[in-house]
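Heads up: the structure comes next, in structure tokens.
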2 protein chains.
Amino acid sequence: MVKTVFEKSDAIPLLAEAFRELGYEGATLSSITARTGLSKGSLYHFFPGGKEEMAEAVLDHVDRWFIAHVFQPLEEEEPGAAIAGMWQAVDAYFRAGQRVCLIGAFALDETRDRFPQAINRYFVRWISALAGALIRVGKDEKTATQLAEHAVLGIQGALVLTRATADGKLFTRALERLAAVLEI
Amino acid sequence: MVKTVFEKSDAIPLLAEAFRELGYEGATLSSITARTGLSKGSLYHFFPGGKEEMAEAVLDHVDRWFIAHVFQPLEEEEPGAAIAGMWQAVDAYFRAGQRVCLIGAFALDETRDRFPQAINRYFVRWISALAGALIRVGKDEKTATQLAEHAVLGIQGALVLTRATADGKLFTRALERLAAVLEI
DNA sequence: CAGGCAGTAAACCGATTGGTACAAATTAGA
DNA sequence: TCTAATTTGTACCAATCGGTTTACTGCCTG
């Protein structure tokens with residue numbers, strides 16, 4: 001017998017994918033139930049606050065993933081290895097550009113005004129974690145911040161362009177170029 | 001009693017701003033009428049095809065603007081001046097990052113699948129026009145294409161990050177950094 | 001000055017929206 | 001195995017969705 005009973009932790013990744021592909025407004029309750037297989041009963045059982053609470057949980061889940069796999073390594077581990085690991089983690093996480101950044105997508109429309117702190121926190125921490133690693137690798141503070149900003153914004157832009165042009169190799173190519181810029 | 005009379009060409013920029021801020025799904029007919037001042041009667045008089053036709057007209061309008069102010073100069077005018085003009089036009093058009101790229105925003109969610117050609121065409125032409133100018137300025141073809149891709153994606157990413165961090169100076173700063181990369 | 005037509009307002013439509021209620025089913029713990 | 005708690009499907013709700021229709025402006029032209 002196949003397991004048909006979900007718990008909250010099963011629901012979040014499914015919700016994440018729905019919001020990622022449809023956007024916050026585009027993700028209607030019925031499209032969410034259709035693609036996750038979770039009924040409204042289950043959804044509102046796990047997330048009494050409705051769609052907004054679902055999105056909050058997803059945002060938090062994404063944030064945690066990046067903290068564990070990207071931000072903390074940049075902050076605590078050997079900077080050279082952590083930066084190399086970041087490029088690898090990013091390429092894997094975004095599936096070579098086939099997967100969009102939920103938080104970046106939310107930032108673009110009025111969804112931003114619904115979750116301003118979560119969206120701001122994610123990018124600010126990414127940039128400062130990367131800048132910190134660059135400082136420890138020998139850059140001066142101003143250069144490091146500039147380069148970190150450049151890298152993070154390049155990743156977001158590469159995701160936009162990959163979706164827009166349907167060029168499957170663009171993302172990985174852009175990542176290599178961005179990595180090269182940090183080496184200078 | 002004053003009666004404000006619009007024509008189609010007045011409606012398009014207003015619609016553009018609505019779609020830009022709300023996204024395609026987020027822009028409901030009532031939110032559109034509220035912020036444009038155009039009634040549904042007027043809207044459906046101008047765009048019998050409904051919301052989709054409104055978005056098509058807006059997409060076309062944006063494309064035309066970029067052709068006239070960015071793509072054609074890059075393709076036809078003296079490349080150095082055209083590239084410098086591009087940075088200026090982009091900074092002005094996106095209001096130093098306060099304004100989002102409609103086409104980039106559409107590219108991120110399933111709205112892309114509604115207007116795939118228009119979205120693809122915009123970015124492909126931008127990259128190839130810029131690459132062409134870079135070639136005429138002395139770069140080899142491969143480097144030129146890479147740099148052009150890098151610049152366009154950087155602009156899109158800078159818009160995402162500006163919205164996300166609410167850092168008003170980020171966009172112009174990113175533009176300067178991107179311009180510097182092209183100089184190498 | 002009569003008619004036509006681009007533009008407007010408002011009432012209206014069925015479908016779908018996010019959200020609720022609650023009983024039935026399933027689970028884990030004793 | 002009995003029970004209490006968790007999880008789920010379904011029917012339902014008011015509000016709003018995108019879209020249609022109709023009646024009405026005011027201006028331009030014949």
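Following the order of the structure tokens, first chain is A, next is B, and so on, with residues numbered from 1 inside each chain and ligands from 1 in the order they appear.
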
* To do: State the Cα RMSD (Å, one decimal) obtained when chain A is least-squares superposed onto chain B, all Cα atoms paired in order.
  =>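 C-alpha RMSD after optimal superposition stands at 0.8 Å.
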
* To do: Please return, as a list in words, all residues of chain A lying within 9 Å of chain D when only C-alpha atoms (C1' of nucleotides) are considered.
  =>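 Per the criterion, chain A yields Val5, Phe6, Glu7, Leu38, Ser39, Lys40, Gly41, Ser42 and His45 of chain A.
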
Counting only C-alpha atoms (C1' of nucleotides), which residues in chain C sit no more than 9 Å from chain B? For each one, give the nearest pair of atoms and the distance in Å, sorted by chain then residue number, as JSON lines.
{"residue": "C:DA6", "atom": "C1'", "partner": "B:Glu7", "partner_atom": "CA", "distance": 8.9}
{"residue": "C:DG7", "atom": "C1'", "partner": "B:Ser42", "partner_atom": "CA", "distance": 6.4}
{"residue": "C:DT8", "atom": "C1'", "partner": "B:Ser42", "partner_atom": "CA", "distance": 6.2}
{"residue": "C:DA9", "atom": "C1'", "partner": "B:Gly41", "partner_atom": "CA", "distance": 7.2}

* If we count only C-alpha atoms, which residues of chain B reach to within 9 Å of chain A? Please list them as a ChimeraX atom specification. -> /B:19-26,100-101,103-112,116,119-124,146,149-150,152-166,170,173-174,177-178,181

Using only C-alpha atoms (C1' of nucleotides), which protein or nucleic acid residues come within 9 Å of Gly80 of chain A? Drop anything in the same chain fewer than 3 positions from it, and give the result as a short mmCIF file (atom, residue, chain, number, x, y, z; two decimals) with C-alpha atoms, in the first residue's frame.
data_model
loop_
_atom_site.label_atom_id
_atom_site.label_comp_id
_atom_site.auth_asym_id
_atom_site.auth_seq_id
_atom_site.Cartn_x
_atom_site.Cartn_y
_atom_site.Cartn_z
CA LEU A 74 30.80 30.92 3.35
CA GLU A 77 34.59 27.30 6.36
CA ILE A 83 33.13 29.80 -2.71
CA ALA A 84 33.80 26.88 -5.02
CA GLY A 85 31.13 24.94 -3.14
CA ALA A 133 34.62 35.03 2.35
CA LEU A 134 36.16 37.29 -0.28
CA ARG A 136 39.20 36.42 4.08
CA VAL A 137 40.63 35.46 0.72
#

* In Å, with one decimal, what is the gap from atom CA of Phe115 of chain B to atom CA of Gly37 of chain A? ->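 Pair atom CA of Phe115 of chain B / atom CA of Gly37 of chain A returns 28.3 Å.
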
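For the pair atom CA of Phe66 of chain B and atom CA of Ser30 of chain B, the interatomic distance is 29.2 Å.
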
* To do: Using only C-alpha atoms (C1' of nucleotides), determine which residues lie at most 9 Å from Val58 of chain A, disregarding the query and same-chain residues fewer than 2 positions distant; provide the list as a list of chain:residue names.
  =>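 Surrounding residues, per the criterion: A:Ile12, A:Pro13, A:Leu15, A:Ala16, A:Phe19, A:Glu53, A:Met54, A:Ala55, A:Glu56, A:Asp60, A:His61, A:Val62, A:Asp63, A:Leu102.
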
Residues from the last selection, C-alpha atoms, saved as a compact mmCIF listing (two decimals), in the first residue's frame:
# COMPACT_ATOMS: atom_id res chain seq x y z
CA ILE A 12 6.49 22.24 1.88
CA PRO A 13 8.73 21.11 -1.01
CA LEU A 15 4.28 23.87 -2.32
CA ALA A 16 7.65 25.38 -3.10
CA PHE A 19 4.88 28.77 -6.07
CA GLU A 53 1.14 30.91 5.62
CA MET A 54 2.02 28.35 2.92
CA ALA A 55 4.22 30.87 1.19
CA GLU A 56 5.83 31.89 4.47
CA ASP A 60 11.51 29.86 5.39
CA HIS A 61 12.35 26.44 3.98
CA VAL A 62 14.32 27.95 1.10
CA ASP A 63 16.13 30.28 3.49
CA LEU A 102 11.34 31.64 -5.65

* To do: One decimal, Å: what's the distance from atom CA of Ala96 of chain A over to atom CA of Glu183 of chain A, could you say?
  => 21.6 Å

* Asked: Which neighbours of Glu75 of chain B fall inside 9 Å, counting only C-alpha atoms (C1' of nucleotides), when residues of the same chain fewer than 3 positions from it are skipped, and could you give them as a VMD selection string?
  -> chain B and resid 70 to 72 78 to 79 82 128 to 130 132 to 133

Just the selected residues (N, CA and C atoms), exported as a PDB file, in the first residue's frame, please.
ATOM      1  N   VAL B  70      17.475  51.509 -28.030  1.00  0.00           N
ATOM      2  CA  VAL B  70      18.625  50.702 -27.633  1.00  0.00           C
ATOM      3  C   VAL B  70      19.139  49.802 -28.762  1.00  0.00           C
ATOM      4  N   PHE B  71      18.250  48.950 -29.310  1.00  0.00           N
ATOM      5  CA  PHE B  71      18.724  47.943 -30.250  1.00  0.00           C
ATOM      6  C   PHE B  71      19.228  48.559 -31.556  1.00  0.00           C
ATOM      7  N   GLN B  72      18.418  49.424 -32.152  1.00  0.00           N
ATOM      8  CA  GLN B  72      18.823  50.022 -33.424  1.00  0.00           C
ATOM      9  C   GLN B  72      20.074  50.880 -33.294  1.00  0.00           C
ATOM     10  N   GLU B  78      27.561  54.455 -34.240  1.00  0.00           N
ATOM     11  CA  GLU B  78      28.948  54.241 -33.819  1.00  0.00           C
ATOM     12  C   GLU B  78      28.926  53.469 -32.506  1.00  0.00           C
ATOM     13  N   PRO B  79      29.581  52.307 -32.469  1.00  0.00           N
ATOM     14  CA  PRO B  79      29.384  51.372 -31.348  1.00  0.00           C
ATOM     15  C   PRO B  79      29.732  51.936 -29.977  1.00  0.00           C
ATOM     16  N   ALA B  82      27.016  54.211 -28.929  1.00  0.00           N
ATOM     17  CA  ALA B  82      25.761  53.475 -28.769  1.00  0.00           C
ATOM     18  C   ALA B  82      25.752  52.709 -27.446  1.00  0.00           C
ATOM     19  N   SER B 128      22.221  40.150 -29.136  1.00  0.00           N
ATOM     20  CA  SER B 128      22.928  40.120 -30.417  1.00  0.00           C
ATOM     21  C   SER B 128      23.270  41.532 -30.884  1.00  0.00           C
ATOM     22  N   ALA B 129      22.408  42.507 -30.574  1.00  0.00           N
ATOM     23  CA  ALA B 129      22.723  43.891 -30.939  1.00  0.00           C
ATOM     24  C   ALA B 129      23.952  44.386 -30.177  1.00  0.00           C
ATOM     25  N   LEU B 130      23.992  44.057 -28.888  1.00  0.00           N
ATOM     26  CA  LEU B 130      25.134  44.486 -28.078  1.00  0.00           C
ATOM     27  C   LEU B 130      26.412  43.754 -28.496  1.00  0.00           C
ATOM     28  N   GLY B 132      27.081  42.640 -31.424  1.00  0.00           N
ATOM     29  CA  GLY B 132      27.488  43.230 -32.698  1.00  0.00           C
ATOM     30  C   GLY B 132      28.296  44.501 -32.485  1.00  0.00           C
ATOM     31  N   ALA B 133      27.819  45.346 -31.586  1.00  0.00           N
ATOM     32  CA  ALA B 133      28.530  46.589 -31.300  1.00  0.00           C
ATOM     33  C   ALA B 133      29.906  46.307 -30.701  1.00  0.00           C
TER      34      ALA B 133
END

* **8 Å contact set for DG18 of chain C, only C-alpha atoms (C1' of nucleotides), chain neighbours under 3 positions out, as an MDAnalysis selection string** => chainID A and resid 29 50:51

* To do: List every residue of chain B that DSSP, applied to the backbone of this structure, assigns to helix (DSSP H, G or I), and report them as a VMD selection string.
  => chain B and resid 8 to 22 29 to 36 40 to 46 51 to 76 79 to 93 95 to 97 102 to 108 110 to 113 116 to 136 141 to 165 170 to 183

What does the file look like for those residues with C-alpha atoms, as a CSV table (one decimal), in the first residue's frame?
chain,number,residue,atom,x,y,z
B,8,LYS,CA,-5.7,53.2,-27.2
B,9,SER,CA,-2.2,54.8,-27.3
B,10,ASP,CA,-3.0,56.5,-23.9
B,11,ALA,CA,-4.1,53.2,-22.4
B,12,ILE,CA,-1.0,51.2,-23.2
B,13,PRO,CA,1.5,52.9,-21.0
B,14,LEU,CA,-1.0,52.8,-18.1
B,15,LEU,CA,-1.5,49.1,-18.7
B,16,ALA,CA,2.2,48.6,-18.8
B,17,GLU,CA,2.7,50.1,-15.4
B,18,ALA,CA,-0.1,47.9,-14.0
B,19,PHE,CA,1.4,44.7,-15.4
B,20,ARG,CA,4.8,45.7,-14.4
B,21,GLU,CA,3.9,46.2,-10.7
B,22,LEU,CA,1.3,43.4,-10.3
B,29,LEU,CA,-9.3,43.6,-14.3
B,30,SER,CA,-10.6,45.6,-11.3
B,31,SER,CA,-7.1,46.5,-10.2
B,32,ILE,CA,-6.3,47.6,-13.7
B,33,THR,CA,-9.4,49.8,-13.9
B,34,ALA,CA,-8.6,51.2,-10.5
B,35,ARG,CA,-5.1,52.3,-11.3
B,36,THR,CA,-5.6,53.3,-14.9
B,40,LYS,CA,-13.9,47.8,-18.3
B,41,GLY,CA,-16.0,49.2,-21.2
B,42,SER,CA,-13.1,51.2,-22.5
B,43,LEU,CA,-10.6,48.4,-22.0
B,44,TYR,CA,-12.6,45.9,-23.9
B,45,HIS,CA,-13.4,48.4,-26.5
B,46,PHE,CA,-9.7,48.9,-27.2
B,51,LYS,CA,-6.3,40.7,-20.6
B,52,GLU,CA,-4.2,38.7,-23.0
B,53,GLU,CA,-4.5,41.2,-25.8
B,54,MET,CA,-3.7,44.0,-23.3
B,55,ALA,CA,-0.5,42.2,-22.3
B,56,GLU,CA,0.4,41.6,-26.0
B,57,ALA,CA,0.0,45.3,-26.7
B,58,VAL,CA,2.1,46.2,-23.8
B,59,LEU,CA,4.8,43.7,-24.7
B,60,ASP,CA,4.9,45.1,-28.2
B,61,HIS,CA,5.1,48.6,-26.9
B,62,VAL,CA,8.0,47.8,-24.7
B,63,ASP,CA,9.8,46.0,-27.5
B,64,ARG,CA,9.3,49.0,-29.9
B,65,TRP,CA,10.8,51.3,-27.3
B,66,PHE,CA,13.9,49.2,-26.9
B,67,ILE,CA,14.2,48.8,-30.6
B,68,ALA,CA,14.1,52.6,-31.2
B,69,HIS,CA,16.2,53.6,-28.2
B,70,VAL,CA,18.6,50.7,-27.6
B,71,PHE,CA,18.7,47.9,-30.2
B,72,GLN,CA,18.8,50.0,-33.4
B,73,PRO,CA,21.5,52.4,-32.1
B,74,LEU,CA,23.6,49.4,-31.1
B,75,GLU,CA,23.1,47.9,-34.6
B,76,GLU,CA,23.6,51.0,-36.7
B,79,PRO,CA,29.4,51.4,-31.3
B,80,GLY,CA,31.2,53.2,-28.6
B,81,ALA,CA,28.6,56.0,-28.4
B,82,ALA,CA,25.8,53.5,-28.8
B,83,ILE,CA,27.0,51.4,-25.8
B,84,ALA,CA,27.4,54.5,-23.7
B,85,GLY,CA,23.9,55.5,-24.8
B,86,MET,CA,22.6,52.1,-23.8
B,87,TRP,CA,23.7,52.5,-20.2
B,88,GLN,CA,22.1,55.9,-20.0
B,89,ALA,CA,18.8,54.7,-21.6
B,90,VAL,CA,18.6,51.7,-19.4
B,91,ASP,CA,19.2,53.7,-16.2
B,92,ALA,CA,16.6,56.2,-17.3
B,93,TYR,CA,14.0,53.6,-18.5
B,95,ARG,CA,14.2,54.7,-13.2
B,96,ALA,CA,17.4,53.7,-11.5
B,97,GLY,CA,16.0,50.3,-10.6
B,102,LEU,CA,8.0,43.7,-17.5
B,103,ILE,CA,9.5,41.1,-19.9
B,104,GLY,CA,11.9,39.8,-17.3
B,105,ALA,CA,9.1,39.5,-14.8
B,106,PHE,CA,6.9,37.7,-17.3
B,107,ALA,CA,9.8,35.3,-18.1
B,108,LEU,CA,10.0,34.0,-14.5
B,110,GLU,CA,4.2,30.6,-16.3
B,111,THR,CA,3.3,33.8,-18.0
B,112,ARG,CA,6.3,33.0,-20.1
B,113,ASP,CA,4.4,30.1,-21.7
B,116,PRO,CA,7.2,32.8,-25.4
B,117,GLN,CA,8.1,34.4,-28.8
B,118,ALA,CA,7.8,38.0,-27.6
B,119,ILE,CA,9.9,37.3,-24.5
B,120,ASN,CA,12.6,35.3,-26.4
B,121,ARG,CA,12.8,37.9,-29.2
B,122,TYR,CA,13.4,40.8,-26.8
B,123,PHE,CA,16.4,39.3,-25.1
B,124,VAL,CA,17.9,37.6,-28.1
B,125,ARG,CA,17.9,40.8,-30.0
B,126,TRP,CA,19.3,42.8,-27.1
B,127,ILE,CA,22.2,40.4,-26.7
B,128,SER,CA,22.9,40.1,-30.4
B,129,ALA,CA,22.7,43.9,-30.9
B,130,LEU,CA,25.1,44.5,-28.1
B,131,ALA,CA,27.4,41.7,-29.2
B,132,GLY,CA,27.5,43.2,-32.7
B,133,ALA,CA,28.5,46.6,-31.3
B,134,LEU,CA,31.3,45.0,-29.2
B,135,ILE,CA,32.6,43.2,-32.3
B,136,ARG,CA,32.7,46.5,-34.2
B,141,GLU,CA,32.9,37.2,-31.8
B,142,LYS,CA,33.0,34.7,-28.9
B,143,THR,CA,34.1,37.3,-26.3
B,144,ALA,CA,31.6,39.8,-27.6
B,145,THR,CA,28.7,37.3,-27.2
B,146,GLN,CA,29.8,36.3,-23.7
B,147,LEU,CA,30.1,39.9,-22.6
B,148,ALA,CA,26.8,40.9,-24.1
B,149,GLU,CA,25.1,38.1,-22.4
B,150,HIS,CA,26.8,39.1,-19.2
B,151,ALA,CA,25.7,42.7,-19.4
B,152,VAL,CA,22.0,41.9,-20.2
B,153,LEU,CA,21.7,39.3,-17.5
B,154,GLY,CA,23.4,41.7,-15.1
B,155,ILE,CA,20.8,44.3,-15.8
B,156,GLN,CA,18.0,41.9,-15.1
B,157,GLY,CA,19.7,40.7,-11.9
B,158,ALA,CA,20.2,44.2,-10.7
B,159,LEU,CA,16.5,44.9,-11.1
B,160,VAL,CA,15.7,41.8,-9.0
B,161,LEU,CA,18.2,42.8,-6.3
B,162,THR,CA,17.1,46.4,-6.2
B,163,ARG,CA,13.5,45.4,-5.5
B,164,ALA,CA,14.6,42.8,-3.0
B,165,THR,CA,16.9,44.9,-1.0
B,170,LEU,CA,22.3,49.4,-6.2
B,171,PHE,CA,21.1,49.6,-9.7
B,172,THR,CA,23.1,52.5,-10.9
B,173,ARG,CA,26.2,51.1,-9.1
B,174,ALA,CA,25.7,47.7,-10.8
B,175,LEU,CA,25.4,49.4,-14.2
B,176,GLU,CA,28.7,51.1,-13.7
B,177,ARG,CA,30.3,47.8,-12.8
B,178,LEU,CA,28.8,46.1,-15.8
B,179,ALA,CA,30.0,48.9,-18.1
B,180,ALA,CA,33.5,48.5,-16.6
B,181,VAL,CA,33.5,44.7,-17.4
B,182,LEU,CA,32.7,45.5,-21.1
B,183,GLU,CA,35.8,47.8,-21.2
